[in-house]
file run-v6.csv (CSV, C-alpha atoms)
chain,number,residue,atom,x,y,z
A,1,MET,CA,25.5,-5.7,20.5
A,2,GLY,CA,24.2,-9.1,19.8
A,3,ASN,CA,22.9,-9.6,23.3
A,4,LYS,CA,21.2,-6.2,23.2
A,5,PHE,CA,19.4,-7.0,19.9
A,6,SER,CA,18.3,-10.4,21.4
A,7,GLU,CA,16.7,-8.5,24.2
A,8,VAL,CA,14.9,-6.2,21.8
A,9,LYS,CA,13.7,-9.1,19.6
A,10,SER,CA,12.2,-10.8,22.7
A,11,LEU,CA,9.9,-7.8,23.2
A,12,VAL,CA,8.3,-8.0,19.8
A,13,PRO,CA,5.5,-10.5,20.6
A,14,LYS,CA,4.6,-8.7,23.9
A,15,ALA,CA,3.3,-5.4,22.7
A,16,PRO,CA,1.7,-4.0,19.6
A,17,ARG,CA,4.0,-2.4,17.0
A,18,CYS,CA,2.6,1.1,17.6
A,19,VAL,CA,3.3,0.9,21.3
A,20,GLN,CA,6.8,-0.3,20.6
A,21,GLY,CA,7.3,2.5,18.1
A,22,LEU,CA,6.1,5.1,20.6
A,23,GLN,CA,8.4,3.7,23.3
A,24,GLN,CA,11.4,3.6,21.0
A,25,GLY,CA,10.6,7.1,19.8
A,26,LEU,CA,10.5,8.4,23.4
A,27,LEU,CA,13.7,6.6,24.1
A,28,VAL,CA,15.5,8.2,21.2
A,29,TRP,CA,14.0,11.6,22.0
A,30,GLN,CA,15.3,11.4,25.6
A,31,GLN,CA,18.9,10.7,24.5
A,32,GLU,CA,21.2,13.6,23.7
A,33,ALA,CA,23.1,11.5,21.2
A,34,PRO,CA,21.1,8.4,20.3
A,35,SER,CA,23.1,5.3,19.3
A,36,ASP,CA,23.0,4.0,15.8
A,37,PHE,CA,21.2,0.9,17.1
A,38,ASP,CA,18.4,2.9,18.7
A,39,LEU,CA,17.9,5.0,15.5
A,40,ALA,CA,18.0,1.9,13.3
A,41,TYR,CA,15.5,0.1,15.5
A,42,ALA,CA,13.2,3.1,15.5
A,43,ASP,CA,13.3,3.1,11.7
A,44,PHE,CA,12.7,-0.6,11.7
A,45,LEU,CA,9.5,-0.2,13.7
A,46,THR,CA,8.4,2.8,11.6
A,47,LEU,CA,8.6,0.7,8.5
A,48,ASP,CA,6.6,-2.1,10.0
A,49,ILE,CA,3.9,0.3,11.3
A,50,SER,CA,3.5,1.8,7.8
A,51,MET,CA,2.9,-1.5,6.2
A,52,LEU,CA,0.5,-2.7,8.9
A,53,ARG,CA,-1.4,0.6,8.6
A,54,LEU,CA,-1.7,0.0,4.9
A,55,PHE,CA,-3.1,-3.5,5.5
A,56,GLU,CA,-5.5,-2.3,8.1
A,57,THR,CA,-6.7,0.4,5.6
A,58,PHE,CA,-7.6,-2.0,2.9
A,59,LEU,CA,-8.9,-4.8,5.2
A,60,GLU,CA,-11.0,-2.6,7.4
A,61,THR,CA,-11.4,1.0,6.4
A,62,THR,CA,-12.0,0.6,2.7
A,63,PRO,CA,-14.7,-2.2,3.1
A,64,GLN,CA,-16.4,-0.1,5.8
A,65,LEU,CA,-16.4,2.9,3.5
A,66,THR,CA,-17.9,0.9,0.7
A,67,LEU,CA,-20.6,-0.3,3.0
A,68,VAL,CA,-21.4,3.2,4.1
A,69,LEU,CA,-21.6,4.4,0.5
A,70,ALA,CA,-23.9,1.5,-0.4
A,71,ILE,CA,-26.3,2.4,2.4
A,72,VAL,CA,-26.3,6.1,1.4
A,73,LEU,CA,-27.0,5.1,-2.2
A,74,GLN,CA,-29.8,2.8,-1.1
A,75,SER,CA,-31.4,5.3,1.1
A,76,GLY,CA,-31.1,8.1,-1.4
A,77,ARG,CA,-30.1,10.8,1.1
A,78,ALA,CA,-27.2,11.8,3.3
A,79,GLU,CA,-26.4,14.6,5.7
A,80,SER,CA,-23.6,17.0,5.1
A,81,TYR,CA,-21.5,15.5,8.0
A,82,GLN,CA,-21.8,12.1,6.3
A,83,TRP,CA,-20.3,13.4,3.1
A,84,VAL,CA,-17.6,15.0,5.1
A,85,GLY,CA,-16.8,11.7,6.8
A,86,ILE,CA,-16.8,9.9,3.4
A,87,CYS,CA,-14.5,12.4,1.9
A,88,THR,CA,-12.2,12.2,4.9
A,89,SER,CA,-12.1,8.4,4.6
A,90,PHE,CA,-11.0,8.7,1.0
A,91,VAL,CA,-8.2,11.1,2.0
A,92,GLY,CA,-7.1,8.8,4.8
A,93,ILE,CA,-6.9,5.8,2.4
A,94,SER,CA,-4.8,7.8,-0.1
A,95,TRP,CA,-2.6,9.1,2.7
A,96,ALA,CA,-1.9,5.5,3.9
A,97,LEU,CA,-0.8,4.7,0.4
A,98,LEU,CA,1.5,7.8,0.3
A,99,ASP,CA,2.9,7.0,3.8
A,100,TYR,CA,3.7,3.4,2.7
A,101,HIS,CA,5.4,4.7,-0.5
A,102,ARG,CA,7.4,7.2,1.5
A,103,ALA,CA,8.5,4.4,3.9
A,104,LEU,CA,9.7,2.3,0.9
A,105,ARG,CA,11.6,5.3,-0.3
A,106,THR,CA,13.5,5.5,3.0
A,107,CYS,CA,14.9,2.0,2.2
A,108,LEU,CA,16.9,3.6,-0.6
A,109,PRO,CA,19.9,5.3,1.2
A,110,SER,CA,21.3,6.8,-2.0
A,111,LYS,CA,17.9,8.5,-2.9
A,112,PRO,CA,16.5,11.6,-1.3
A,113,PRO,CA,13.2,11.4,0.6
A,114,LEU,CA,10.0,11.9,-1.4
A,115,GLY,CA,9.7,15.7,-1.8
A,116,PRO,CA,6.5,17.7,-1.3
A,117,GLY,CA,5.8,18.0,-5.0
A,118,SER,CA,6.3,14.3,-5.6
A,119,SER,CA,4.2,13.5,-2.6
A,120,VAL,CA,1.3,15.7,-3.8
A,121,VAL,CA,1.3,14.1,-7.2
A,122,TYR,CA,1.5,10.6,-5.8
A,123,PHE,CA,-1.3,11.3,-3.3
A,124,LEU,CA,-3.6,12.9,-6.0
A,125,TRP,CA,-3.3,10.1,-8.5
A,126,ASN,CA,-4.1,7.5,-5.9
A,127,LEU,CA,-7.1,9.6,-4.7
A,128,LEU,CA,-8.4,10.2,-8.2
A,129,LEU,CA,-8.2,6.5,-9.1
A,130,LEU,CA,-9.3,5.1,-5.8
A,131,TRP,CA,-12.6,6.9,-5.1
A,132,PRO,CA,-14.3,6.1,-8.5
A,133,ARG,CA,-13.4,2.4,-7.9
A,134,VAL,CA,-14.8,2.4,-4.4
A,135,PHE,CA,-17.9,4.3,-5.6
A,136,VAL,CA,-18.8,1.8,-8.4
A,137,VAL,CA,-18.3,-1.1,-6.0
A,138,ALA,CA,-20.7,0.6,-3.6
A,139,LEU,CA,-23.1,1.3,-6.4
A,140,PHE,CA,-23.1,-2.4,-7.4
A,141,SER,CA,-23.5,-3.3,-3.7
A,142,ALA,CA,-26.6,-1.0,-3.4
A,143,LEU,CA,-28.1,-2.6,-6.6
A,144,PHE,CA,-27.3,-6.2,-5.8
A,145,PRO,CA,-26.5,-6.6,-2.1
A,146,HIS,CA,-26.8,-10.4,-2.4
A,147,TYR,CA,-24.4,-10.7,-5.3
A,148,VAL,CA,-21.6,-8.3,-4.3
A,149,ALA,CA,-20.0,-11.0,-2.1
A,150,LEU,CA,-19.9,-13.3,-5.1
A,151,HIS,CA,-18.4,-10.5,-7.2
A,152,PHE,CA,-15.7,-9.9,-4.6
A,153,LEU,CA,-14.9,-13.5,-4.1
A,154,GLY,CA,-14.6,-14.2,-7.9
A,155,LEU,CA,-12.3,-11.3,-8.5
A,156,TRP,CA,-10.4,-12.0,-5.3
A,157,LEU,CA,-9.7,-15.6,-6.4
A,158,VAL,CA,-8.4,-14.4,-9.7
A,159,LEU,CA,-6.2,-11.8,-8.1
A,160,LEU,CA,-4.9,-14.3,-5.6
A,161,PHE,CA,-4.0,-16.7,-8.4
A,162,TRP,CA,-2.2,-13.9,-10.2
A,163,VAL,CA,-0.2,-13.0,-7.0
A,164,TRP,CA,0.7,-16.7,-6.7
A,165,LEU,CA,1.9,-16.8,-10.3
A,166,GLN,CA,4.3,-13.9,-9.5
A,167,GLY,CA,6.1,-16.2,-7.0
A,168,THR,CA,6.0,-13.9,-3.9
A,169,ASP,CA,8.6,-14.8,-1.2
A,170,PHE,CA,7.8,-12.4,1.6
A,171,MET,CA,7.0,-14.5,4.7
A,172,PRO,CA,9.2,-17.1,6.5
A,173,ASP,CA,6.7,-20.0,6.0
A,174,SER,CA,4.1,-21.1,3.4
A,175,CYS,CA,1.1,-20.5,5.7
A,176,SER,CA,2.1,-17.0,6.4
A,177,GLU,CA,3.0,-16.5,2.8
A,178,TRP,CA,-0.6,-17.4,1.7
A,179,LEU,CA,-2.0,-15.1,4.3
A,180,TYR,CA,0.2,-12.3,2.8
A,181,ARG,CA,-1.0,-13.2,-0.7
A,182,ALA,CA,-4.6,-13.1,0.4
A,183,THR,CA,-4.1,-9.6,1.9
A,184,VAL,CA,-2.4,-8.4,-1.3
A,185,ALA,CA,-5.3,-9.8,-3.4
A,186,THR,CA,-7.7,-7.7,-1.3
A,187,ILE,CA,-5.6,-4.6,-1.8
A,188,LEU,CA,-5.4,-5.3,-5.6
A,189,TYR,CA,-9.2,-5.4,-5.7
A,190,PHE,CA,-9.2,-1.6,-5.0
A,191,SER,CA,-5.7,-0.4,-5.9
A,192,TRP,CA,-2.3,-1.3,-7.3
A,193,PHE,CA,0.3,-3.1,-5.1
A,194,ASN,CA,3.5,-4.4,-6.5
A,195,VAL,CA,4.8,-7.7,-5.0
A,196,ALA,CA,7.3,-9.2,-7.5
A,197,GLU,CA,10.7,-8.2,-8.9
A,198,GLY,CA,11.3,-7.2,-12.4
A,199,ARG,CA,9.8,-4.5,-14.6
A,200,THR,CA,6.3,-3.6,-13.4
A,201,ARG,CA,5.0,-1.7,-16.3
A,202,GLY,CA,3.3,-4.7,-17.9
A,203,ARG,CA,1.8,-6.0,-14.7
A,204,ALA,CA,0.5,-2.5,-13.7
A,205,ALA,CA,-1.1,-2.1,-17.1
A,206,ILE,CA,-2.8,-5.5,-16.9
A,207,HIS,CA,-4.1,-4.7,-13.4
A,208,LEU,CA,-5.3,-1.3,-14.5
A,209,VAL,CA,-7.2,-2.7,-17.6
A,210,PHE,CA,-8.7,-5.4,-15.4
A,211,LEU,CA,-10.0,-3.0,-12.8
A,212,LEU,CA,-11.2,-0.4,-15.3
A,213,SER,CA,-13.1,-3.1,-17.3
A,214,ASP,CA,-14.7,-4.4,-14.1
A,215,SER,CA,-15.6,-0.8,-13.0
A,216,VAL,CA,-17.1,0.0,-16.4
A,217,LEU,CA,-19.2,-3.2,-16.3
A,218,MET,CA,-20.6,-2.3,-12.9
A,219,ALA,CA,-21.4,1.3,-14.1
A,220,VAL,CA,-23.2,-0.2,-17.2
A,221,THR,CA,-25.1,-2.5,-14.9
A,222,TRP,CA,-26.3,0.6,-13.0
A,223,LEU,CA,-27.4,2.2,-16.3
A,224,THR,CA,-29.6,-0.8,-17.1
A,225,HIS,CA,-31.2,-0.7,-13.6
A,226,ILE,CA,-31.3,3.0,-13.0
A,227,ALA,CA,-34.8,2.9,-11.6
A,228,TRP,CA,-33.9,0.6,-8.8
A,229,LEU,CA,-32.3,3.3,-6.6
A,230,PRO,CA,-33.8,6.4,-5.1
A,231,SER,CA,-33.2,9.6,-7.0
A,232,GLY,CA,-31.9,11.6,-4.0
A,233,ILE,CA,-28.2,11.1,-4.9
A,234,PRO,CA,-27.1,12.8,-8.2
A,235,LEU,CA,-25.6,9.6,-9.8
A,236,GLN,CA,-26.0,11.1,-13.3
A,237,THR,CA,-23.4,13.7,-12.2
A,238,LEU,CA,-21.2,11.6,-10.0
A,239,LEU,CA,-20.5,8.9,-12.6
A,240,PRO,CA,-19.2,11.3,-15.3
A,241,VAL,CA,-17.2,13.2,-12.6
A,242,GLY,CA,-15.7,9.8,-11.6
A,243,GLY,CA,-14.7,9.2,-15.2
A,244,VAL,CA,-13.0,12.5,-15.5
A,245,CYS,CA,-11.2,11.9,-12.2
A,246,VAL,CA,-9.9,8.5,-13.6
A,247,LEU,CA,-8.5,10.3,-16.6
A,248,LEU,CA,-6.8,12.9,-14.5
A,249,GLY,CA,-5.5,10.2,-12.2
A,250,LEU,CA,-4.0,8.3,-15.1
A,251,ALA,CA,-2.4,11.5,-16.4
A,252,LEU,CA,-0.9,12.2,-12.9
A,253,ARG,CA,0.3,8.6,-12.6
A,254,LEU,CA,2.1,8.9,-16.0
A,255,VAL,CA,3.7,12.2,-14.8
A,256,TYR,CA,4.9,10.6,-11.6
A,257,TYR,CA,6.4,7.5,-13.2
A,258,ARG,CA,7.9,9.4,-16.0
A,259,TRP,CA,9.6,12.2,-14.1
A,260,LEU,CA,9.3,11.6,-10.3
A,261,HIS,CA,9.8,7.9,-9.8
A,262,PRO,CA,13.4,6.9,-9.0
A,263,SER,CA,14.8,4.7,-11.8
A,264,CYS,CA,18.5,5.0,-11.5
A,265,ARG,CA,20.7,2.3,-10.3
A,266,TRP,CA,21.1,2.2,-6.5
A,267,GLU,CA,24.6,2.9,-5.5
A,268,PRO,CA,25.7,3.4,-1.9
A,269,ASP,CA,26.7,6.9,-0.8
A,270,ARG,CA,30.4,7.3,-0.8
A,271,VAL,CA,30.8,10.3,1.5
A,272,ASP,CA,33.8,10.3,3.8
A,273,GLY,CA,32.9,9.3,7.4
A,274,THR,CA,29.6,7.5,6.5
A,275,ARG,CA,29.1,3.8,6.9
A,276,GLY,CA,28.9,1.6,3.9
A,277,LEU,CA,25.9,-0.6,3.2
A,278,GLY,CA,28.0,-3.7,3.1
A,279,SER,CA,30.0,-2.8,6.2
A,280,LEU,CA,30.1,-5.1,9.3
A,281,GLU,CA,28.8,-2.2,11.4
A,282,TRP,CA,25.7,-1.8,9.2
A,283,ARG,CA,24.9,-5.5,9.1
A,284,ARG,CA,24.9,-5.6,12.9
A,285,LEU,CA,22.1,-3.0,13.1
A,286,PRO,CA,18.5,-4.1,12.9
A,287,GLN,CA,17.3,-3.9,9.3
A,288,ASN,CA,13.7,-4.4,8.0
A,289,ARG,CA,14.5,-7.0,5.4
A,290,ARG,CA,10.9,-7.3,4.2
A,291,MET,CA,10.4,-3.6,3.6
A,292,ALA,CA,13.7,-3.4,1.9
A,293,GLN,CA,12.7,-6.3,-0.3
A,294,LEU,CA,9.4,-4.6,-1.2
A,295,ALA,CA,11.3,-1.4,-1.9
A,296,GLN,CA,13.4,-3.2,-4.5
A,297,THR,CA,10.3,-4.7,-6.1
A,298,PHE,CA,8.5,-1.4,-6.2
A,299,PHE,CA,11.6,0.4,-7.6
A,300,PRO,CA,12.5,-2.3,-10.2
A,301,ARG,CA,15.7,-0.7,-11.5
A,302,VAL,CA,17.0,-0.1,-8.0
A,303,ARG,CA,19.3,-3.0,-6.9
A,304,ASP,CA,21.9,-3.5,-4.2
A,305,GLU,CA,21.9,-7.0,-2.7
A,306,ALA,CA,24.4,-6.1,-0.1
A,307,ALA,CA,21.8,-3.9,1.6
A,308,LEU,CA,19.5,-6.7,2.3
A,309,PRO,CA,19.9,-9.1,5.3
A,310,GLN,CA,20.2,-12.7,4.4
A,311,LYS,CA,17.1,-14.9,4.1
A,312,GLY,CA,17.7,-16.6,7.4
A,313,GLU,CA,17.7,-13.5,9.5
A,314,VAL,CA,14.7,-12.7,11.6
A,315,ASN,CA,15.1,-8.9,11.7
A,316,GLY,CA,12.4,-8.3,9.2
A,317,VAL,CA,9.6,-10.5,10.8
A,318,LEU,CA,6.5,-8.4,11.2
call {"tool": "encode", "arguments": {"input": "run-v6.csv", "output": "structure tokens"}}
result
Amino acid sequence: MGNKFSEVKSLVPKAPRCVQGLQQGLLVWQQEAPSDFDLAYADFLTLDISMLRLFETFLETTPQLTLVLAIVLQSGRAESYQWVGICTSFVGISWALLDYHRALRTCLPSKPPLGPGSSVVYFLWNLLLLWPRVFVVALFSALFPHYVALHFLGLWLVLLFWVWLQGTDFMPDSCSEWLYRATVATILYFSWFNVAEGRTRGRAAIHLVFLLSDSVLMAVTWLTHIAWLPSGIPLQTLLPVGGVCVLLGLALRLVYYRWLHPSCRWEPDRVDGTRGLGSLEWRRLPQNRRMAQLAQTFFPRVRDEAALPQKGEVNGVL
């Protein structure tokens, strides 16, 4: 088993994660009775792909969408297909958040997968809170294209300092850890992302107030410079609609965390014939230590140290 896993690990640097995931999925599909190792490694790759997709979404897709919206606001006109593309991008970003959340949920063996109702609520509150934030950033970019970079850099440095204060311990070395913190700070500029253990209610509230205050200030800036943009886009309608969406998103977020978020203590399943989380057989299988660690920070009351590989293991390296 150890030799087999060494061979698998040696393949990691040679191909993108998505290609590896496709190859492993085909391998499992072709087997009549896939081995526990092959199934565990497929799950390992799926979890990595979900996280990398989330990073790509906020490092590439979201800034591009903000730029497109700023150009549309500056020009004062947009074709129907452009609005369709913009709406599709918002849906894609929210879907990436949902996919990442569902991946975290799979790291909790004693909890059922996220159901359709919970998934819809989680998707909607992220969509309703995300699009007004991206819209006001694009509005500020359209008004002050030379200052939006300073605005982002200022907030990003504050968020980076905040992430550092939370003492993240995700990557194997300090350089990689700072790269991870920089990525998280970029995500926090647009949306919530939990990175530290403990109760998250206070940190989530601070982040929400911080983003809402910044968004309100940018909206007020537009009100004082309303004549600077063309009148082709109904901003007087979009901004109030955005405010209503924020309120609806907050309500759905409260509903989710009050009734749909797992908060019970994580206890291994004790069904006869199943493997225990602390068993030697389980520890020999590839486990995504980093995603499991993030799952335990995202679900603060859920704890089971035996389920996590030790710090020195390399199974969880992205």
call {"tool": "residues_around", "arguments": {"input": "run-v6.csv", "residues": "Phe210 (chain A)", "least_positions_apart": "6", "cutoff": "10 Å", "atoms": "all atoms listed in the file", "output": "MDAnalysis selection string"}}
result
chainID A and resid 155 189 204
call {"tool": "atom_distance", "arguments": {"input": "run-v6.csv", "atom1": "CA of Gly243 (chain A)", "atom2": "CA of Pro132 (chain A)"}}
result
7.4 Å
call {"tool": "closest_residue", "arguments": {"input": "run-v6.csv", "among": "A:Val84, A:Ile187, A:Leu47, A:Leu150", "to": "Thr62 (chain A)", "atoms": "only C-alpha atoms"}}
result
A:Ile187
call {"tool": "closest_atom_pairs", "arguments": {"input": "run-v6.csv", "of": "region 121-235 of chain A", "to": "region 98-104 of chain A", "cutoff": "9 Å", "atoms": "only C-alpha atoms", "output": "JSON lines"}}
result
{"residue": "A:Tyr122", "atom": "CA", "partner": "A:Leu98", "partner_atom": "CA", "distance": 6.7}
{"residue": "A:Phe123", "atom": "CA", "partner": "A:Leu98", "partner_atom": "CA", "distance": 5.7}
{"residue": "A:Asn126", "atom": "CA", "partner": "A:Leu98", "partner_atom": "CA", "distance": 8.4}
call {"tool": "closest_atom_pairs", "arguments": {"input": "run-v6.csv", "of": "region 61-158 of chain A", "to": "region 168-181 of chain A", "cutoff": "12 Å", "atoms": "all atoms listed in the file", "output": "Markdown table"}}
result
| residue | atom | partner | partner_atom | distance |
| --- | --- | --- | --- | --- |
| A:Trp156 | CA | A:Arg181 | CA | 10.5 |
| A:Leu157 | CA | A:Arg181 | CA | 10.7 |
| A:Val158 | CA | A:Arg181 | CA | 11.7 |
call {"tool": "closest_residue", "arguments": {"input": "run-v6.csv", "among": "A:Leu165, A:Asn194, A:Gly249, A:Ala70", "to": "Leu124 (chain A)", "atoms": "all atoms listed in the file"}}
result
A:Gly249
call {"tool": "closest_residue", "arguments": {"input": "run-v6.csv", "among": "A:Ser35, A:Ser215, A:Thr66, A:Ser141", "to": "Leu239 (chain A)", "atoms": "all atoms listed in the file"}}
result
A:Ser215
call {"tool": "atom_distance", "arguments": {"input": "run-v6.csv", "atom1": "CA of Leu139 (chain A)", "atom2": "CA of Leu73 (chain A)"}}
result
6.9 Å
call {"tool": "atom_distance", "arguments": {"input": "run-v6.csv", "atom1": "CA of Leu128 (chain A)", "atom2": "CA of Phe90 (chain A)"}}
result
9.7 Å
